[in-house]
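Participant: Provided below: model14.tsv, containing TSV, C-alpha atoms (C1' of nucleotides).
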chain	number	residue	atom	x	y	z
A	1	MET	CA	6.63	-5.53	2.83
A	2	SER	CA	6.56	-8.67	4.91
A	3	PRO	CA	6.22	-12.07	3.26
A	4	PHE	CA	2.91	-12.37	5.11
A	5	GLU	CA	1.48	-9.39	3.30
A	6	ILE	CA	3.00	-10.45	0.00
A	7	VAL	CA	1.38	-13.84	0.15
A	8	ALA	CA	-1.95	-12.47	1.33
A	9	GLU	CA	-2.75	-11.31	-2.19
A	10	PRO	CA	-4.38	-14.02	-4.36
A	11	ALA	CA	-2.92	-12.54	-7.53
A	12	ARG	CA	0.57	-12.87	-6.14
A	13	ARG	CA	0.02	-16.40	-4.94
A	14	ALA	CA	-1.18	-17.24	-8.43
A	15	LEU	CA	1.99	-15.79	-9.92
A	16	MET	CA	4.18	-17.62	-7.47
A	17	ASP	CA	2.33	-20.87	-8.03
A	18	ALA	CA	2.91	-20.48	-11.75
A	19	LEU	CA	6.61	-20.06	-11.08
A	20	VAL	CA	7.00	-23.23	-9.05
A	21	ALA	CA	7.46	-25.20	-12.27
A	22	GLY	CA	10.32	-22.93	-13.32
A	23	PRO	CA	11.14	-19.45	-14.68
A	24	LYS	CA	8.68	-17.85	-17.07
A	25	PRO	CA	8.29	-14.62	-19.05
A	26	VAL	CA	5.63	-12.07	-18.15
A	27	GLY	CA	3.24	-13.10	-20.90
A	28	GLU	CA	3.00	-16.67	-19.70
A	29	LEU	CA	2.62	-15.57	-16.11
A	30	SER	CA	-0.13	-13.19	-17.11
A	31	ASP	CA	-2.02	-16.01	-18.82
A	32	ALA	CA	-1.42	-18.54	-16.08
A	33	ALA	CA	-2.60	-16.19	-13.34
A	34	GLY	CA	-5.44	-14.67	-15.33
A	35	LEU	CA	-4.19	-11.13	-14.82
A	36	SER	CA	-3.94	-8.19	-17.17
A	37	GLN	CA	-0.48	-7.38	-18.43
A	38	PRO	CA	-0.03	-4.16	-16.43
A	39	ASN	CA	-1.35	-5.78	-13.32
A	40	THR	CA	1.01	-8.68	-13.78
A	41	SER	CA	3.93	-6.29	-14.11
A	42	ARG	CA	2.84	-4.45	-11.01
A	43	HIS	CA	2.63	-7.56	-8.86
A	44	LEU	CA	5.87	-8.90	-10.24
A	45	ARG	CA	7.49	-5.67	-9.25
A	46	ILE	CA	6.16	-6.02	-5.73
A	47	LEU	CA	7.40	-9.59	-5.59
A	48	ARG	CA	10.79	-8.48	-6.88
A	49	GLU	CA	11.11	-5.66	-4.35
A	50	ALA	CA	10.21	-8.11	-1.62
A	51	GLY	CA	12.96	-10.43	-2.82
A	52	LEU	CA	10.60	-13.24	-3.73
A	53	VAL	CA	11.43	-13.36	-7.42
A	54	SER	CA	14.40	-12.46	-9.57
A	55	VAL	CA	14.51	-11.24	-13.16
A	56	THR	CA	16.87	-11.97	-16.01
A	57	PRO	CA	16.46	-10.13	-19.31
A	58	ASP	CA	16.14	-12.34	-22.36
A	59	ALA	CA	16.02	-10.10	-25.43
A	60	GLN	CA	12.77	-8.18	-25.23
A	61	ARG	CA	11.41	-10.59	-22.64
A	62	ARG	CA	12.05	-10.80	-18.92
A	63	LEU	CA	12.34	-14.16	-17.28
A	64	TYR	CA	11.07	-14.25	-13.73
A	65	ALA	CA	12.19	-16.92	-11.30
A	66	LEU	CA	11.25	-17.80	-7.74
A	67	ARG	CA	13.50	-16.97	-4.81
A	68	PRO	CA	11.62	-18.78	-2.06
A	69	GLU	CA	14.10	-18.10	0.76
A	70	ARG	CA	12.06	-15.33	2.30
A	71	LEU	CA	9.16	-17.71	2.76
A	72	ILE	CA	11.23	-19.39	5.42
A	73	GLU	CA	10.12	-16.60	7.74
A	74	LEU	CA	6.54	-17.68	7.23
A	75	ASP	CA	7.46	-21.29	7.80
A	76	ARG	CA	9.22	-20.46	11.05
A	77	TRP	CA	6.23	-18.52	12.30
A	78	LEU	CA	4.05	-21.55	11.72
A	79	ILE	CA	6.15	-23.88	13.87
A	80	PRO	CA	4.38	-23.44	17.24
A	81	TYR	CA	0.95	-23.61	15.59
A	82	ARG	CA	1.92	-26.71	13.71
A	83	GLU	CA	2.61	-28.41	16.98
A	84	LEU	CA	-0.76	-27.32	18.28
A	85	TRP	CA	-2.75	-28.70	15.41
A	86	ARG	CA	-0.68	-31.86	15.45
A	87	SER	CA	-1.53	-32.50	19.05
A	88	SER	CA	-5.22	-31.83	18.44
A	89	LEU	CA	-5.20	-34.15	15.44
A	90	ASP	CA	-3.43	-36.76	17.53
A	91	ALA	CA	-6.09	-36.43	20.18
A	92	LEU	CA	-8.78	-36.91	17.56
A	93	GLU	CA	-7.00	-39.95	16.25
A	94	ARG	CA	-6.71	-41.48	19.70
A	95	HIS	CA	-10.38	-40.78	20.21
A	96	LEU	CA	-11.28	-42.59	17.00
A	97	ASP	CA	-8.99	-45.48	17.79
A	98	GLU	CA	-10.83	-46.03	21.01
A	99	GLY	CA	-13.94	-46.63	18.96
A	100	SER	CA	-16.01	-44.60	21.37
B	1	MET	CA	-11.40	-14.21	4.80
B	2	SER	CA	-8.57	-16.55	3.88
B	3	PRO	CA	-6.01	-17.56	6.51
B	4	PHE	CA	-3.45	-15.78	4.33
B	5	GLU	CA	-5.20	-12.45	4.76
B	6	ILE	CA	-5.88	-13.10	8.43
B	7	VAL	CA	-2.24	-13.69	9.16
B	8	ALA	CA	-1.08	-10.77	7.04
B	9	GLU	CA	-2.08	-8.35	9.75
B	10	PRO	CA	0.62	-7.80	12.41
B	11	ALA	CA	-1.98	-7.07	15.10
B	12	ARG	CA	-3.62	-10.42	14.49
B	13	ARG	CA	-0.32	-12.28	14.51
B	14	ALA	CA	0.45	-10.60	17.82
B	15	LEU	CA	-2.87	-11.79	19.24
B	16	MET	CA	-2.34	-15.30	17.96
B	17	ASP	CA	1.21	-15.40	19.28
B	18	ALA	CA	-0.11	-14.38	22.69
B	19	LEU	CA	-2.56	-17.26	22.55
B	20	VAL	CA	0.02	-19.94	21.83
B	21	ALA	CA	0.71	-20.26	25.55
B	22	GLY	CA	-2.96	-20.92	26.22
B	23	PRO	CA	-6.39	-19.26	26.42
B	24	LYS	CA	-6.58	-15.68	27.67
B	25	PRO	CA	-9.20	-13.00	28.32
B	26	VAL	CA	-9.41	-9.90	26.17
B	27	GLY	CA	-7.66	-7.65	28.65
B	28	GLU	CA	-4.52	-9.73	28.73
B	29	LEU	CA	-4.52	-10.07	24.98
B	30	SER	CA	-4.88	-6.34	24.61
B	31	ASP	CA	-1.85	-5.78	26.84
B	32	ALA	CA	0.23	-8.51	25.29
B	33	ALA	CA	-0.40	-7.29	21.76
B	34	GLY	CA	-0.20	-3.60	22.58
B	35	LEU	CA	-3.60	-2.87	21.10
B	36	SER	CA	-6.46	-0.70	22.29
B	37	GLN	CA	-9.40	-2.55	23.76
B	38	PRO	CA	-11.84	-1.88	20.90
B	39	ASN	CA	-9.21	-2.75	18.37
B	40	THR	CA	-8.47	-5.97	20.19
B	41	SER	CA	-12.16	-6.88	20.19
B	42	ARG	CA	-12.36	-6.09	16.50
B	43	HIS	CA	-9.45	-8.30	15.54
B	44	LEU	CA	-10.62	-11.06	17.82
B	45	ARG	CA	-13.94	-10.95	16.07
B	46	ILE	CA	-12.24	-11.27	12.72
B	47	LEU	CA	-10.19	-14.18	14.02
B	48	ARG	CA	-13.32	-15.80	15.39
B	49	GLU	CA	-15.26	-15.40	12.16
B	50	ALA	CA	-12.33	-16.93	10.31
B	51	GLY	CA	-12.42	-19.88	12.69
B	52	LEU	CA	-8.97	-19.24	14.09
B	53	VAL	CA	-10.03	-18.71	17.68
B	54	SER	CA	-12.91	-19.83	19.87
B	55	VAL	CA	-14.55	-18.06	22.79
B	56	THR	CA	-15.91	-19.33	26.06
B	57	PRO	CA	-17.67	-16.92	28.42
B	58	ASP	CA	-16.29	-16.80	31.94
B	59	ALA	CA	-18.53	-14.47	33.98
B	60	GLN	CA	-18.03	-11.01	32.53
B	61	ARG	CA	-14.86	-12.08	30.78
B	62	ARG	CA	-14.43	-13.97	27.52
B	63	LEU	CA	-11.68	-16.50	27.22
B	64	TYR	CA	-10.23	-16.77	23.75
B	65	ALA	CA	-8.40	-19.87	22.62
B	66	LEU	CA	-6.52	-20.81	19.47
B	67	ARG	CA	-8.01	-23.08	16.86
B	68	PRO	CA	-5.00	-23.55	14.62
B	69	GLU	CA	-6.54	-26.05	12.21
B	70	ARG	CA	-7.21	-23.52	9.51
B	71	LEU	CA	-3.52	-22.69	9.39
B	72	ILE	CA	-3.01	-26.10	7.86
B	73	GLU	CA	-4.11	-24.52	4.60
B	74	LEU	CA	-1.19	-22.14	4.81
B	75	ASP	CA	1.15	-24.97	5.66
B	76	ARG	CA	0.02	-26.98	2.67
B	77	TRP	CA	0.53	-24.04	0.35
B	78	LEU	CA	4.10	-23.78	1.54
B	79	ILE	CA	5.02	-27.37	0.71
B	80	PRO	CA	6.33	-26.91	-2.86
B	81	TYR	CA	8.24	-23.78	-1.87
B	82	ARG	CA	9.74	-25.54	1.10
B	83	GLU	CA	11.21	-28.08	-1.24
B	84	LEU	CA	12.63	-25.34	-3.41
B	85	TRP	CA	14.42	-23.55	-0.62
B	86	ARG	CA	15.63	-26.83	0.79
B	87	SER	CA	17.27	-27.73	-2.46
B	88	SER	CA	18.87	-24.32	-2.75
B	89	LEU	CA	20.13	-24.53	0.81
B	90	ASP	CA	21.46	-27.99	0.09
B	91	ALA	CA	23.29	-26.64	-2.92
B	92	LEU	CA	24.83	-23.91	-0.80
B	93	GLU	CA	25.88	-26.45	1.76
B	94	ARG	CA	27.52	-28.64	-0.85
B	95	HIS	CA	29.29	-25.60	-2.17
B	96	LEU	CA	30.66	-24.75	1.27
B	97	ASP	CA	31.63	-28.35	1.94
B	98	GLU	CA	33.76	-28.32	-1.17
B	99	GLY	CA	35.73	-25.52	0.44
B	100	SER	CA	35.91	-23.67	-2.83
C	1	DC	C1'	-30.01	-0.52	42.93
C	2	DA	C1'	-25.78	2.48	42.10
C	3	DC	C1'	-21.11	1.61	40.60
C	4	DT	C1'	-17.28	-0.65	38.52
C	5	DT	C1'	-15.13	-3.92	35.47
C	6	DA	C1'	-14.91	-6.44	31.11
C	7	DT	C1'	-16.06	-6.58	26.51
C	8	DA	C1'	-18.65	-5.52	22.26
C	9	DT	C1'	-20.45	-2.47	18.81
C	10	DA	C1'	-21.11	1.88	15.94
C	11	DA	C1'	-19.63	5.85	13.40
C	12	DG	C1'	-16.28	8.23	11.14
C	13	DC	C1'	-11.96	9.14	9.21
C	14	DC	C1'	-7.96	8.14	6.76
C	15	DT	C1'	-4.71	5.51	4.37
C	16	DC	C1'	-3.32	1.90	1.59
C	17	DT	C1'	-3.73	-0.94	-2.24
C	18	DG	C1'	-5.61	-3.15	-6.26
C	19	DA	C1'	-7.50	-2.75	-11.14
C	20	DT	C1'	-8.01	-0.28	-15.45
C	21	DT	C1'	-6.72	2.71	-19.24
C	22	DA	C1'	-3.43	4.91	-21.58
C	23	DT	C1'	1.23	5.73	-22.68
C	24	DC	C1'	6.20	4.90	-22.97
C	25	DT	C1'	10.59	2.15	-23.79
C	26	DA	C1'	13.23	-1.53	-25.72
C	27	DC	C1'	14.12	-5.00	-28.76
C	28	DG	C1'	13.55	-7.55	-32.92
C	29	DT	C1'	12.04	-7.99	-37.99
C	30	DC	C1'	11.11	-6.69	-42.57
D	1	DG	C1'	13.90	3.14	-40.36
D	2	DA	C1'	8.72	1.61	-40.04
D	3	DC	C1'	6.28	-1.70	-37.64
D	4	DG	C1'	5.06	-5.29	-34.24
D	5	DT	C1'	5.80	-7.47	-29.88
D	6	DA	C1'	7.11	-7.65	-24.83
D	7	DG	C1'	7.05	-5.33	-20.89
D	8	DA	C1'	7.16	-1.26	-17.66
D	9	DT	C1'	5.32	2.96	-15.88
D	10	DA	C1'	1.86	6.79	-14.87
D	11	DA	C1'	-2.57	8.46	-13.67
D	12	DT	C1'	-6.76	7.67	-11.88
D	13	DC	C1'	-10.43	5.52	-9.44
D	14	DA	C1'	-12.83	2.76	-6.27
D	15	DG	C1'	-13.11	-0.10	-2.40
D	16	DA	C1'	-11.36	-2.30	1.72
D	17	DG	C1'	-9.56	-2.21	6.00
D	18	DG	C1'	-7.42	-0.28	10.15
D	19	DC	C1'	-7.64	2.87	14.17
D	20	DT	C1'	-9.88	6.06	17.25
D	21	DT	C1'	-13.59	8.01	19.97
D	22	DA	C1'	-17.73	7.34	21.89
D	23	DT	C1'	-21.39	4.45	23.44
D	24	DA	C1'	-23.80	0.11	24.66
D	25	DT	C1'	-24.39	-4.36	27.11
D	26	DA	C1'	-23.56	-7.48	30.73
D	27	DA	C1'	-21.95	-9.25	34.79
D	28	DG	C1'	-20.13	-8.81	39.22
D	29	DT	C1'	-19.80	-5.81	44.03
D	30	DG	C1'	-21.01	-2.73	47.62
For the structure just supplied, provide its representation as structure tokens.
Facilitator:
Amino acid sequence: MSPFEIVAEPARRALMDALVAGPKPVGELSDAAGLSQPNTSRHLRILREAGLVSVTPDAQRRLYALRPERLIELDRWLIPYRELWRSSLDALERHLDEGS
Amino acid sequence: MSPFEIVAEPARRALMDALVAGPKPVGELSDAAGLSQPNTSRHLRILREAGLVSVTPDAQRRLYALRPERLIELDRWLIPYRELWRSSLDALERHLDEGS
DNA sequence: CACTTATATAAGCCTCTGATTATCTACGTC
DNA sequence: GACGTAGATAATCAGAGGCTTATATAAGTG
């Protein structure tokens, strides 16, 4: 599954956003993302298989952590578009500066 | 439809990629993206409704052009993750520099 | 005005995926 | 070793979305 598809799902973005602050067990992620426990596990599994999170067992809990490297692909795809919107924003700015 | 979902679809990324070079009519987009004509029209409609492309009639043709502004949302979402992978890449670099 | 080209829309099918409910496993505690 | 907690998995269901085929509109061309 491509990072694009992974990130398309709001539930998964919510989980990832909750992980930005640091590793968390499933229970906390479930609460933070407002997902049921099984659903949380399912999406975490998808994230894990896509290489976007890692797991380390901690007694009966599992600590999930972000592995953001695969998002670089997304970032690289954005590059040409970024330049486009920059130039259009620049144009707008110039337009405003002219006071016309 | 969120930009995340829009961009999740390979066919739509192909269309957008073809538009980076500049506006194009449907026929060229269809060829460039390797999509059937109706399918091309369908995805272009989705892109249009999401505000990612604009259309200007040109006789019996329709010229589609990129409107990349809405991708800014995607870019902003990436910011915290970008910092994470930067720091991990930096760590790797330091590690290699140490020659250990 | 018939014909062709360019594009849009409609209908239908099929697959994929997300959510829920219920169950199973593993670990810790008393 | 019974019980409670944390998490994973299975089964099922429902809905969304993609692709194709067929048809419609609209604008040029003879």
Participant: Using only C-alpha atoms (C1' of nucleotides) for the distances, tell me which of A:Ile79, A:Leu89, A:Ile6, A:Ala14 is nearest to chain C.
Facilitator: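 Selected residue with least distance to chain C: A:Ile6.
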Participant: Find, counting only C-alpha atoms, the residue in A:Asp58, A:Glu49, A:Asp97, A:Glu69 that gets nearest to A:Val26.
Facilitator: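 That would be A:Asp58, the residue with the smallest distance to A:Val26.
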Participant: So which one's closest to C:DG28, A:Ser41, A:Ser30, A:Gln60, A:Ser36? Using only C-alpha atoms (C1' of nucleotides), please.
Facilitator: A:Gln60
Participant: Is it possible to see chain B as a short mmCIF file (atom, residue, chain, number, x, y, z; two decimals) with C-alpha atoms, in the frame of the given file, once it has been laid onto chain A by a least-squares fit on every C-alpha atom in order?
Facilitator:
data_model
loop_
_atom_site.label_atom_id
_atom_site.label_comp_id
_atom_site.auth_asym_id
_atom_site.auth_seq_id
_atom_site.Cartn_x
_atom_site.Cartn_y
_atom_site.Cartn_z
CA MET B 1 6.58 -5.53 2.74
CA SER B 2 6.53 -8.65 4.88
CA PRO B 3 6.21 -12.07 3.24
CA PHE B 4 2.90 -12.37 5.10
CA GLU B 5 1.45 -9.40 3.27
CA ILE B 6 2.99 -10.46 -0.02
CA VAL B 7 1.36 -13.85 0.14
CA ALA B 8 -1.97 -12.48 1.32
CA GLU B 9 -2.78 -11.34 -2.18
CA PRO B 10 -4.40 -14.06 -4.35
CA ALA B 11 -2.93 -12.57 -7.54
CA ARG B 12 0.56 -12.87 -6.13
CA ARG B 13 0.01 -16.42 -4.94
CA ALA B 14 -1.20 -17.26 -8.44
CA LEU B 15 1.97 -15.80 -9.93
CA MET B 16 4.17 -17.63 -7.47
CA ASP B 17 2.32 -20.89 -8.03
CA ALA B 18 2.90 -20.49 -11.76
CA LEU B 19 6.60 -20.07 -11.09
CA VAL B 20 7.00 -23.24 -9.06
CA ALA B 21 7.46 -25.22 -12.27
CA GLY B 22 10.31 -22.95 -13.31
CA PRO B 23 11.13 -19.48 -14.66
CA LYS B 24 8.67 -17.86 -17.06
CA PRO B 25 8.29 -14.62 -19.03
CA VAL B 26 5.64 -12.08 -18.13
CA GLY B 27 3.25 -13.09 -20.87
CA GLU B 28 2.98 -16.66 -19.69
CA LEU B 29 2.61 -15.56 -16.11
CA SER B 30 -0.14 -13.18 -17.09
CA ASP B 31 -2.03 -15.99 -18.81
CA ALA B 32 -1.43 -18.53 -16.09
CA ALA B 33 -2.59 -16.19 -13.35
CA GLY B 34 -5.44 -14.66 -15.32
CA LEU B 35 -4.20 -11.13 -14.80
CA SER B 36 -3.96 -8.17 -17.13
CA GLN B 37 -0.49 -7.37 -18.38
CA PRO B 38 -0.01 -4.14 -16.39
CA ASN B 39 -1.36 -5.78 -13.30
CA THR B 40 1.00 -8.69 -13.76
CA SER B 41 3.95 -6.31 -14.10
CA ARG B 42 2.83 -4.47 -10.99
CA HIS B 43 2.62 -7.58 -8.85
CA LEU B 44 5.86 -8.91 -10.23
CA ARG B 45 7.49 -5.68 -9.23
CA ILE B 46 6.14 -6.02 -5.72
CA LEU B 47 7.38 -9.60 -5.58
CA ARG B 48 10.77 -8.50 -6.85
CA GLU B 49 11.09 -5.68 -4.34
CA ALA B 50 10.19 -8.13 -1.60
CA GLY B 51 12.94 -10.44 -2.82
CA LEU B 52 10.59 -13.26 -3.72
CA VAL B 53 11.43 -13.38 -7.41
CA SER B 54 14.41 -12.48 -9.56
CA VAL B 55 14.53 -11.27 -13.14
CA THR B 56 16.89 -12.00 -15.98
CA PRO B 57 16.48 -10.16 -19.28
CA ASP B 58 16.15 -12.37 -22.34
CA ALA B 59 16.04 -10.10 -25.40
CA GLN B 60 12.80 -8.15 -25.14
CA ARG B 61 11.42 -10.58 -22.61
CA ARG B 62 12.07 -10.81 -18.88
CA LEU B 63 12.32 -14.18 -17.26
CA TYR B 64 11.07 -14.26 -13.71
CA ALA B 65 12.18 -16.94 -11.30
CA LEU B 66 11.24 -17.83 -7.74
CA ARG B 67 13.46 -16.98 -4.82
CA PRO B 68 11.63 -18.80 -2.06
CA GLU B 69 14.09 -18.11 0.75
CA ARG B 70 12.08 -15.33 2.27
CA LEU B 71 9.17 -17.71 2.75
CA ILE B 72 11.26 -19.39 5.40
CA GLU B 73 10.14 -16.59 7.69
CA LEU B 74 6.56 -17.66 7.20
CA ASP B 75 7.49 -21.27 7.79
CA ARG B 76 9.23 -20.44 11.03
CA TRP B 77 6.24 -18.48 12.27
CA LEU B 78 4.08 -21.52 11.71
CA ILE B 79 6.17 -23.86 13.85
CA PRO B 80 4.41 -23.41 17.23
CA TYR B 81 0.99 -23.57 15.59
CA ARG B 82 1.95 -26.68 13.70
CA GLU B 83 2.64 -28.37 16.98
CA LEU B 84 -0.72 -27.28 18.31
CA TRP B 85 -2.72 -28.67 15.44
CA ARG B 86 -0.66 -31.83 15.46
CA SER B 87 -1.51 -32.47 19.06
CA SER B 88 -5.18 -31.81 18.45
CA LEU B 89 -5.17 -34.11 15.45
CA ASP B 90 -3.41 -36.73 17.52
CA ALA B 91 -6.08 -36.41 20.17
CA LEU B 92 -8.78 -36.88 17.56
CA GLU B 93 -7.00 -39.92 16.23
CA ARG B 94 -6.74 -41.46 19.68
CA HIS B 95 -10.40 -40.77 20.18
CA LEU B 96 -11.30 -42.56 16.95
CA ASP B 97 -8.98 -45.45 17.72
CA GLU B 98 -10.82 -46.02 20.96
CA GLY B 99 -13.92 -46.62 18.87
CA SER B 100 -16.02 -44.66 21.30
#
Participant: What separation in Å, quoted to one decimal, exists between atom C1' of D:DT23 and atom CA of B:Arg45?
Facilitator: 18.6 Å
Participant: By how many Å are atom CA of B:Met16 and atom C1' of D:DA26 apart?
Facilitator: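 Computed distance, atom CA of B:Met16 to atom C1' of D:DA26, equals 26.0 Å.
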Participant: If the cut-off is 8 Å, can you tell me the residues of chain B near chain A, counting only C-alpha atoms? I'd like them as a list of chain:residue names.
Facilitator: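 Those within range of chain A come out as B:Phe4, B:Glu5, B:Val7, B:Ala8, B:Glu9, B:Val20, B:Arg67, B:Pro68, B:Glu69, B:Leu71, B:Ile72, B:Asp75, B:Leu78, B:Pro80, B:Tyr81, B:Arg82, B:Leu84, B:Trp85.
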